[in-house]
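Have a look at final06.csv below; it lists CSV, N, CA and C atoms.
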```
chain,number,residue,atom,x,y,z
I,1,MET,N,0.9,-1.2,0.0
I,1,MET,CA,0.0,0.0,0.0
I,1,MET,C,0.9,1.2,0.0
I,2,THR,N,0.6,2.2,-0.9
I,2,THR,CA,1.4,3.4,-1.0
I,2,THR,C,0.8,4.5,-0.1
I,3,SER,N,1.6,5.1,0.8
I,3,SER,CA,1.0,6.2,1.6
I,3,SER,C,0.8,7.4,0.8
I,4,SER,N,-0.1,8.2,1.2
I,4,SER,CA,-0.5,9.4,0.5
I,4,SER,C,0.7,10.4,0.4
I,5,ARG,N,1.6,10.3,1.4
I,5,ARG,CA,2.8,11.2,1.4
I,5,ARG,C,3.7,10.8,0.2
I,6,ASN,N,3.8,9.5,-0.1
I,6,ASN,CA,4.6,9.1,-1.2
I,6,ASN,C,4.0,9.4,-2.6
I,7,ALA,N,2.7,9.5,-2.6
I,7,ALA,CA,1.9,9.8,-3.8
I,7,ALA,C,2.0,11.2,-4.3
I,8,LEU,N,2.5,12.1,-3.4
I,8,LEU,CA,2.6,13.5,-3.7
I,8,LEU,C,3.8,13.7,-4.7
I,9,ILE,N,3.7,14.7,-5.6
I,9,ILE,CA,4.7,14.9,-6.6
I,9,ILE,C,5.8,15.7,-5.9
I,10,PRO,N,7.1,15.3,-6.0
I,10,PRO,CA,8.2,16.0,-5.4
I,10,PRO,C,8.4,17.4,-6.1
I,11,LEU,N,8.5,18.4,-5.3
I,11,LEU,CA,8.7,19.8,-5.8
I,11,LEU,C,10.0,20.4,-5.1
I,12,THR,N,10.9,20.8,-5.9
I,12,THR,CA,12.1,21.4,-5.4
I,12,THR,C,12.3,22.8,-5.9
I,13,LEU,N,12.8,23.7,-5.0
I,13,LEU,CA,13.1,25.0,-5.4
I,13,LEU,C,14.5,25.1,-5.7
I,14,LEU,N,14.8,25.8,-6.9
I,14,LEU,CA,16.2,25.9,-7.4
I,14,LEU,C,16.5,27.4,-7.6
I,15,SER,N,17.7,27.7,-7.3
I,15,SER,CA,18.2,29.1,-7.6
I,15,SER,C,19.1,29.0,-8.8
I,16,ASP,N,19.5,27.8,-9.3
I,16,ASP,CA,20.4,27.6,-10.4
I,16,ASP,C,20.0,26.4,-11.2
I,17,ARG,N,19.4,26.5,-12.4
I,17,ARG,CA,18.9,25.3,-13.1
I,17,ARG,C,20.1,24.4,-13.4
I,18,SER,N,21.3,24.8,-13.5
I,18,SER,CA,22.4,23.9,-13.8
I,18,SER,C,22.7,22.9,-12.7
I,19,LEU,N,22.1,23.1,-11.5
I,19,LEU,CA,22.3,22.2,-10.4
I,19,LEU,C,21.4,21.0,-10.5
I,20,TRP,N,20.4,21.0,-11.4
I,20,TRP,CA,19.5,19.9,-11.6
I,20,TRP,C,20.2,18.9,-12.4
I,21,PRO,N,20.3,17.6,-12.0
I,21,PRO,CA,20.9,16.6,-12.7
I,21,PRO,C,20.3,16.3,-14.1
I,22,GLU,N,21.1,16.3,-15.1
I,22,GLU,CA,20.6,16.1,-16.5
I,22,GLU,C,19.8,14.8,-16.7
I,23,ASP,N,20.2,13.8,-16.0
I,23,ASP,CA,19.5,12.5,-16.1
I,23,ASP,C,18.1,12.5,-15.6
I,24,ARG,N,17.7,13.5,-14.7
I,24,ARG,CA,16.4,13.7,-14.2
I,24,ARG,C,15.5,14.7,-15.0
I,25,ARG,N,16.1,15.4,-15.8
I,25,ARG,CA,15.4,16.5,-16.5
I,25,ARG,C,14.3,16.0,-17.4
I,26,ARG,N,14.4,14.9,-18.1
I,26,ARG,CA,13.4,14.5,-19.0
I,26,ARG,C,12.1,14.1,-18.3
I,27,HIS,N,12.1,13.9,-17.0
I,27,HIS,CA,10.9,13.5,-16.2
I,27,HIS,C,10.5,14.6,-15.3
I,28,THR,N,11.1,15.8,-15.5
I,28,THR,CA,10.8,17.0,-14.7
I,28,THR,C,10.1,18.1,-15.4
I,29,LEU,N,9.2,18.7,-14.7
I,29,LEU,CA,8.6,20.0,-15.2
I,29,LEU,C,9.4,21.1,-14.6
I,30,LEU,N,9.9,22.0,-15.4
I,30,LEU,CA,10.6,23.2,-14.9
I,30,LEU,C,9.7,24.4,-14.9
I,31,LEU,N,9.5,25.0,-13.8
I,31,LEU,CA,8.7,26.3,-13.7
I,31,LEU,C,9.7,27.4,-13.7
I,32,GLY,N,9.8,28.1,-14.8
I,32,GLY,CA,10.8,29.2,-15.0
I,32,GLY,C,11.4,29.1,-16.3
I,33,ASP,N,12.4,30.0,-16.5
I,33,ASP,CA,13.1,30.1,-17.8
I,33,ASP,C,14.2,29.0,-17.9
I,34,PRO,N,14.1,28.1,-18.9
I,34,PRO,CA,15.0,27.1,-19.1
I,34,PRO,C,16.4,27.5,-19.6
I,35,GLY,N,16.5,28.8,-20.1
I,35,GLY,CA,17.7,29.3,-20.6
I,35,GLY,C,18.2,28.4,-21.7
I,36,GLN,N,19.5,28.3,-21.8
I,36,GLN,CA,20.1,27.4,-22.9
I,36,GLN,C,20.1,26.0,-22.6
I,37,ASP,N,19.8,25.6,-21.3
I,37,ASP,CA,19.8,24.2,-20.9
I,37,ASP,C,18.6,23.6,-21.5
I,38,GLY,N,18.8,22.4,-22.0
I,38,GLY,CA,17.7,21.7,-22.6
I,38,GLY,C,17.4,20.4,-21.9
I,39,GLY,N,16.6,19.6,-22.4
I,39,GLY,CA,16.3,18.2,-21.9
I,39,GLY,C,15.2,18.2,-20.9
I,40,TRP,N,14.5,19.3,-20.6
I,40,TRP,CA,13.4,19.2,-19.6
I,40,TRP,C,12.2,18.5,-20.2
I,41,GLY,N,11.5,17.7,-19.4
I,41,GLY,CA,10.3,17.1,-19.8
I,41,GLY,C,9.3,18.1,-20.3
I,42,ASP,N,9.2,19.2,-19.6
I,42,ASP,CA,8.2,20.2,-19.9
I,42,ASP,C,8.7,21.5,-19.2
I,43,VAL,N,8.2,22.6,-19.7
I,43,VAL,CA,8.5,23.9,-19.1
I,43,VAL,C,7.3,24.8,-19.0
I,44,ALA,N,7.1,25.5,-17.9
I,44,ALA,CA,6.0,26.4,-17.7
I,44,ALA,C,6.5,27.7,-17.2
I,45,ASP,N,5.9,28.8,-17.7
I,45,ASP,CA,6.3,30.1,-17.3
I,45,ASP,C,5.7,30.4,-15.9
I,46,ILE,N,6.3,31.3,-15.2
I,46,ILE,CA,5.8,31.8,-14.0
I,46,ILE,C,5.4,33.3,-14.3
I,47,PRO,N,4.1,33.6,-14.3
I,47,PRO,CA,3.6,34.9,-14.6
I,47,PRO,C,4.1,35.9,-13.5
I,48,ALA,N,4.1,37.2,-13.9
I,48,ALA,CA,4.4,38.2,-12.9
I,48,ALA,C,3.3,38.3,-11.9
I,49,PRO,N,3.5,38.7,-10.7
I,49,PRO,CA,2.4,38.9,-9.7
I,49,PRO,C,1.4,39.9,-10.2
I,50,SER,N,0.2,39.8,-9.8
I,50,SER,CA,-0.8,40.7,-10.2
I,50,SER,C,-0.5,42.1,-9.7
I,51,PRO,N,-0.7,43.1,-10.5
I,51,PRO,CA,-0.5,44.5,-10.0
I,51,PRO,C,-1.5,44.9,-8.9
I,52,PHE,N,-2.6,44.1,-8.7
I,52,PHE,CA,-3.6,44.4,-7.7
I,52,PHE,C,-3.3,43.6,-6.4
I,53,MET,N,-2.2,42.8,-6.4
I,53,MET,CA,-1.9,42.0,-5.2
I,53,MET,C,-2.1,42.8,-3.9
I,54,ASN,N,-2.9,42.3,-3.0
I,54,ASN,CA,-3.1,42.9,-1.7
I,54,ASN,C,-3.8,44.3,-1.7
I,55,ARG,N,-4.5,44.6,-2.9
I,55,ARG,CA,-5.2,45.9,-2.9
I,55,ARG,C,-6.7,45.6,-2.9
I,56,HIS,N,-7.1,44.4,-3.0
I,56,HIS,CA,-8.6,44.1,-3.1
I,56,HIS,C,-9.0,43.6,-1.7
I,57,ALA,N,-10.3,43.2,-1.6
I,57,ALA,CA,-10.9,42.8,-0.3
I,57,ALA,C,-10.2,41.5,0.1
I,58,LEU,N,-10.3,41.3,1.4
I,58,LEU,CA,-9.8,40.1,2.0
I,58,LEU,C,-10.4,38.9,1.4
I,59,GLY,N,-9.6,37.9,1.0
I,59,GLY,CA,-10.1,36.7,0.4
I,59,GLY,C,-10.2,36.8,-1.2
I,60,CYS,N,-9.8,37.9,-1.8
I,60,CYS,CA,-9.9,38.0,-3.2
I,60,CYS,C,-8.9,37.0,-3.8
I,61,LEU,N,-9.4,36.2,-4.8
I,61,LEU,CA,-8.5,35.2,-5.4
I,61,LEU,C,-7.2,35.7,-5.9
I,62,CYS,N,-7.2,36.8,-6.6
I,62,CYS,CA,-6.0,37.3,-7.2
I,62,CYS,C,-5.0,37.9,-6.2
I,63,CYS,N,-5.5,38.1,-5.0
I,63,CYS,CA,-4.7,38.7,-3.9
I,63,CYS,C,-4.2,37.6,-2.9
I,64,THR,N,-4.8,36.4,-3.0
I,64,THR,CA,-4.5,35.4,-2.0
I,64,THR,C,-3.6,34.3,-2.6
I,65,ARG,N,-3.6,34.1,-3.9
I,65,ARG,CA,-2.8,33.1,-4.5
I,65,ARG,C,-1.6,33.7,-5.2
I,66,ASP,N,-0.4,33.2,-4.9
I,66,ASP,CA,0.8,33.7,-5.5
I,66,ASP,C,0.9,33.0,-6.9
I,67,PRO,N,1.6,33.6,-7.8
I,67,PRO,CA,1.7,33.1,-9.2
I,67,PRO,C,2.2,31.7,-9.2
I,68,VAL,N,3.2,31.3,-8.4
I,68,VAL,CA,3.7,30.0,-8.5
I,68,VAL,C,2.7,28.9,-8.1
I,69,GLY,N,1.9,29.3,-7.0
I,69,GLY,CA,0.8,28.4,-6.6
I,69,GLY,C,-0.2,28.2,-7.7
I,70,MET,N,-0.6,29.3,-8.4
I,70,MET,CA,-1.6,29.2,-9.4
I,70,MET,C,-1.1,28.4,-10.6
I,71,VAL,N,0.2,28.5,-11.0
I,71,VAL,CA,0.8,27.7,-12.1
I,71,VAL,C,0.8,26.2,-11.6
I,72,LEU,N,1.2,26.0,-10.4
I,72,LEU,CA,1.2,24.6,-10.0
I,72,LEU,C,-0.1,23.9,-10.0
I,73,ALA,N,-1.2,24.7,-9.6
I,73,ALA,CA,-2.5,24.1,-9.7
I,73,ALA,C,-2.9,23.8,-11.2
I,74,GLN,N,-2.6,24.7,-12.1
I,74,GLN,CA,-2.9,24.5,-13.5
I,74,GLN,C,-2.1,23.4,-14.1
I,75,VAL,N,-0.8,23.3,-13.8
I,75,VAL,CA,-0.1,22.2,-14.5
I,75,VAL,C,-0.5,20.8,-13.9
I,76,PHE,N,-0.9,20.8,-12.6
I,76,PHE,CA,-1.4,19.5,-12.1
I,76,PHE,C,-2.7,19.1,-12.8
I,77,GLN,N,-3.6,20.0,-13.0
I,77,GLN,CA,-4.8,19.7,-13.7
I,77,GLN,C,-4.5,19.3,-15.2
I,78,ASP,N,-3.6,20.0,-15.8
I,78,ASP,CA,-3.2,19.7,-17.2
I,78,ASP,C,-2.6,18.3,-17.3
I,79,ARG,N,-1.8,17.9,-16.3
I,79,ARG,CA,-1.2,16.6,-16.2
I,79,ARG,C,-2.2,15.5,-16.1
I,80,VAL,N,-3.2,15.7,-15.2
I,80,VAL,CA,-4.2,14.7,-15.0
I,80,VAL,C,-5.1,14.6,-16.2
I,81,THR,N,-5.4,15.6,-16.9
I,81,THR,CA,-6.3,15.6,-18.1
I,81,THR,C,-5.5,15.2,-19.4
I,82,GLY,N,-4.2,15.1,-19.4
I,82,GLY,CA,-3.4,14.8,-20.5
I,82,GLY,C,-3.1,15.9,-21.4
I,83,ARG,N,-3.4,17.2,-21.0
I,83,ARG,CA,-3.1,18.3,-21.8
I,83,ARG,C,-1.6,18.7,-21.7
I,84,ARG,N,-0.9,18.1,-20.8
I,84,ARG,CA,0.5,18.4,-20.6
I,84,ARG,C,1.2,17.0,-20.4
I,85,PRO,N,2.5,16.9,-20.9
I,85,PRO,CA,3.2,15.7,-20.7
I,85,PRO,C,3.3,15.3,-19.3
I,86,PHE,N,3.3,14.0,-19.0
I,86,PHE,CA,3.4,13.5,-17.7
I,86,PHE,C,4.7,13.8,-17.1
I,87,PHE,N,4.8,14.3,-15.9
I,87,PHE,CA,6.0,14.6,-15.2
I,87,PHE,C,6.0,14.0,-13.8
I,88,GLU,N,7.2,13.5,-13.4
I,88,GLU,CA,7.4,12.8,-12.1
I,88,GLU,C,7.7,13.8,-11.0
I,89,GLU,N,8.3,14.9,-11.3
I,89,GLU,CA,8.7,15.9,-10.3
I,89,GLU,C,8.7,17.3,-10.9
I,90,VAL,N,8.8,18.3,-10.1
I,90,VAL,CA,8.7,19.7,-10.5
I,90,VAL,C,9.9,20.4,-9.9
I,91,ALA,N,10.6,21.2,-10.7
I,91,ALA,CA,11.6,22.1,-10.2
I,91,ALA,C,11.2,23.6,-10.4
I,92,VAL,N,11.2,24.4,-9.4
I,92,VAL,CA,10.8,25.8,-9.5
I,92,VAL,C,12.0,26.6,-9.5
I,93,LEU,N,12.3,27.4,-10.5
I,93,LEU,CA,13.4,28.2,-10.6
I,93,LEU,C,13.1,29.6,-10.1
I,94,THR,N,13.8,30.0,-9.0
I,94,THR,CA,13.6,31.3,-8.4
I,94,THR,C,14.9,32.0,-8.0
I,95,ALA,N,14.9,33.3,-7.9
I,95,ALA,CA,16.1,34.0,-7.5
I,95,ALA,C,16.5,33.5,-6.0
I,96,PRO,N,17.8,33.5,-5.8
I,96,PRO,CA,18.3,33.1,-4.5
I,96,PRO,C,17.6,33.8,-3.3
I,97,GLN,N,17.4,35.1,-3.5
I,97,GLN,CA,16.9,35.9,-2.4
I,97,GLN,C,15.4,35.7,-2.2
I,98,ASP,N,14.7,35.0,-3.1
I,98,ASP,CA,13.3,34.7,-3.0
I,98,ASP,C,13.0,33.3,-2.6
I,99,LEU,N,14.0,32.5,-2.4
I,99,LEU,CA,13.8,31.0,-2.0
I,99,LEU,C,13.0,30.9,-0.8
I,100,VAL,N,13.3,31.6,0.3
I,100,VAL,CA,12.5,31.5,1.6
I,100,VAL,C,11.1,32.0,1.4
I,101,SER,N,10.9,33.1,0.8
I,101,SER,CA,9.5,33.6,0.7
I,101,SER,C,8.6,32.7,-0.3
I,102,VAL,N,9.2,32.2,-1.3
I,102,VAL,CA,8.5,31.3,-2.2
I,102,VAL,C,8.1,30.0,-1.5
I,103,ARG,N,9.1,29.5,-0.7
I,103,ARG,CA,8.9,28.2,0.0
I,103,ARG,C,7.7,28.5,1.0
I,104,GLN,N,7.7,29.6,1.7
I,104,GLN,CA,6.7,29.9,2.7
I,104,GLN,C,5.3,30.0,2.0
I,105,GLN,N,5.3,30.6,0.9
I,105,GLN,CA,4.0,30.7,0.2
I,105,GLN,C,3.5,29.4,-0.2
I,106,LEU,N,4.4,28.5,-0.7
I,106,LEU,CA,3.9,27.2,-1.1
I,106,LEU,C,3.5,26.3,0.1
I,107,GLU,N,4.2,26.4,1.2
I,107,GLU,CA,3.9,25.7,2.4
I,107,GLU,C,2.5,26.1,2.9
I,108,ASN,N,2.1,27.3,2.7
I,108,ASN,CA,0.8,27.8,3.2
I,108,ASN,C,-0.3,27.7,2.2
I,109,ASP,N,0.0,27.1,1.0
I,109,ASP,CA,-1.1,26.9,0.0
I,109,ASP,C,-1.6,25.5,0.1
I,110,VAL,N,-2.9,25.5,0.4
I,110,VAL,CA,-3.6,24.2,0.7
I,110,VAL,C,-3.5,23.3,-0.6
I,111,LEU,N,-3.8,23.8,-1.7
I,111,LEU,CA,-3.8,23.0,-2.9
I,111,LEU,C,-2.4,22.5,-3.3
I,112,VAL,N,-1.4,23.3,-3.1
I,112,VAL,CA,0.0,22.8,-3.3
I,112,VAL,C,0.3,21.7,-2.3
I,113,ARG,N,0.0,21.9,-1.1
I,113,ARG,CA,0.3,20.8,-0.1
I,113,ARG,C,-0.4,19.5,-0.3
I,114,ALA,N,-1.6,19.6,-1.0
I,114,ALA,CA,-2.4,18.4,-1.3
I,114,ALA,C,-1.8,17.6,-2.4
I,115,ARG,N,-1.1,18.3,-3.3
I,115,ARG,CA,-0.6,17.6,-4.5
I,115,ARG,C,0.9,17.5,-4.6
I,116,TYR,N,1.7,18.3,-3.9
I,116,TYR,CA,3.1,18.3,-4.1
I,116,TYR,C,3.8,18.1,-2.7
I,117,ARG,N,5.0,17.6,-2.7
I,117,ARG,CA,5.8,17.4,-1.5
I,117,ARG,C,7.0,18.2,-1.7
I,118,LEU,N,7.1,19.3,-0.9
I,118,LEU,CA,8.3,20.2,-1.0
I,118,LEU,C,9.6,19.4,-0.5
I,119,VAL,N,10.6,19.3,-1.3
I,119,VAL,CA,11.8,18.6,-1.0
I,119,VAL,C,12.8,19.6,-0.5
I,120,ALA,N,13.5,19.2,0.5
I,120,ALA,CA,14.5,20.2,1.2
I,120,ALA,C,15.5,20.6,0.3
```

What do you get writing this file as structure tokens?
Amino acid sequence: MTSSRNALIPLTLLSDRSLWPEDRRRHTLLLGDPGQDGGWGDVADIPAPSPFMNRHALGCLCCTRDPVGMVLAQVFQDRVTGRRPFFEEVAVLTAPQDLVSVRQQLENDVLVRARYRLVA
């Protein structure tokens, strides 16, 4: 029997795409700019934050979901419905100074926690 913890998709935050092993790339979805590096199973862009972020009423969807969380929700749905190639893990490319804040946002996102397992 597989535990639900093991069924979650591994998600790793990266500050340098070259640190991701080439032999794992073809099974990985990269969120961010792939640059000149190739071999990724799939790539998705991270949109810029909404200019209205934190300016609307409490609970507003565009003010409460960060862009990475929204993309992760969409790529999961696309993976399940077959609109996106199957991926075994996700690597999120972010600036080194943003690693902690992005990690905190993802840890606080209920949908992300239900589908992905943040890897240290």

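Proximity to Pro85 (chain I) was assessed for I:Gly69, I:Pro21, I:Gly35, I:Gly41 counting only C-alpha atoms; the smallest distance is recorded for I:Gly41.
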
Residues within 12 Å of Glu22 (chain I), please, as an mmCIF file with N, CA and C atoms, in the coordinates of the input. Count only C-alpha atoms; anything in the same chain fewer than 5 positions from it doesn't count.
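Result went into part13.cif, see below:
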```cif
data_model
loop_
_atom_site.group_PDB
_atom_site.id
_atom_site.type_symbol
_atom_site.label_atom_id
_atom_site.label_comp_id
_atom_site.auth_asym_id
_atom_site.auth_seq_id
_atom_site.Cartn_x
_atom_site.Cartn_y
_atom_site.Cartn_z
ATOM 1 N N ARG I 17 19.400 26.500 -12.400
ATOM 2 C CA ARG I 17 18.900 25.300 -13.100
ATOM 3 C C ARG I 17 20.100 24.400 -13.400
ATOM 4 N N HIS I 27 12.100 13.900 -17.000
ATOM 5 C CA HIS I 27 10.900 13.500 -16.200
ATOM 6 C C HIS I 27 10.500 14.600 -15.300
ATOM 7 N N THR I 28 11.100 15.800 -15.500
ATOM 8 C CA THR I 28 10.800 17.000 -14.700
ATOM 9 C C THR I 28 10.100 18.100 -15.400
ATOM 10 N N ASP I 37 19.800 25.600 -21.300
ATOM 11 C CA ASP I 37 19.800 24.200 -20.900
ATOM 12 C C ASP I 37 18.600 23.600 -21.500
ATOM 13 N N GLY I 38 18.800 22.400 -22.000
ATOM 14 C CA GLY I 38 17.700 21.700 -22.600
ATOM 15 C C GLY I 38 17.400 20.400 -21.900
ATOM 16 N N GLY I 39 16.600 19.600 -22.400
ATOM 17 C CA GLY I 39 16.300 18.200 -21.900
ATOM 18 C C GLY I 39 15.200 18.200 -20.900
ATOM 19 N N TRP I 40 14.500 19.300 -20.600
ATOM 20 C CA TRP I 40 13.400 19.200 -19.600
ATOM 21 C C TRP I 40 12.200 18.500 -20.200
ATOM 22 N N GLY I 41 11.500 17.700 -19.400
ATOM 23 C CA GLY I 41 10.300 17.100 -19.800
ATOM 24 C C GLY I 41 9.300 18.100 -20.300
#
```

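As for CA of Phe76 (chain I) and atom C of Gln105 (chain I), they are spaced 16.2 Å apart.
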
With only N, CA and C atoms as the atoms that count, which of I:Ala48, I:Leu93, I:Ser101, I:Glu88 lies nearest to Asp16 (chain I)? I:Leu93

DSSP on the backbone: what in region 11-120 of chain I comes out alpha helix (DSSP H), as a ChimeraX atom specification? /I:22-25,61-64,67-81,99-107,110-115

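Note that atom C of Leu118 (chain I) and atom N of Ser15 (chain I) are 13.4 Å apart.
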
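Going from CA of Arg103 (chain I) to atom C of Ala91 (chain I) covers 11.6 Å.
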
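For Val102 (chain I), the non-local neighbours within 10 Å, defined as residues at least 6 positions apart in the same chain or in other chains and counting only C-alpha atoms, are Leu13, Asp66, Pro67, Val68, Gly69, Val92, Thr94 and Ala95 of chain I.
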
Between I:Leu99, I:Pro47, I:Thr12, I:Leu111, smallest distance to Ala73 (chain I) by all atoms listed in the file belongs to I:Leu111

Selected region 28-39 of chain I, written as an mmCIF file, in the first residue's frame, C-alpha atoms:
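After the write, result_14.cif holds the following:
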```
data_model
loop_
_atom_site.group_PDB
_atom_site.id
_atom_site.type_symbol
_atom_site.label_atom_id
_atom_site.label_comp_id
_atom_site.auth_asym_id
_atom_site.auth_seq_id
_atom_site.Cartn_x
_atom_site.Cartn_y
_atom_site.Cartn_z
ATOM 1 C CA THR I 28 10.799 16.968 -14.666
ATOM 2 C CA LEU I 29 8.588 19.974 -15.230
ATOM 3 C CA LEU I 30 10.602 23.185 -14.878
ATOM 4 C CA LEU I 31 8.724 26.279 -13.732
ATOM 5 C CA GLY I 32 10.780 29.202 -14.968
ATOM 6 C CA ASP I 33 13.105 30.092 -17.814
ATOM 7 C CA PRO I 34 15.033 27.061 -19.087
ATOM 8 C CA GLY I 35 17.718 29.289 -20.589
ATOM 9 C CA GLN I 36 20.081 27.444 -22.906
ATOM 10 C CA ASP I 37 19.782 24.244 -20.888
ATOM 11 C CA GLY I 38 17.664 21.665 -22.619
ATOM 12 C CA GLY I 39 16.324 18.247 -21.904
#
```
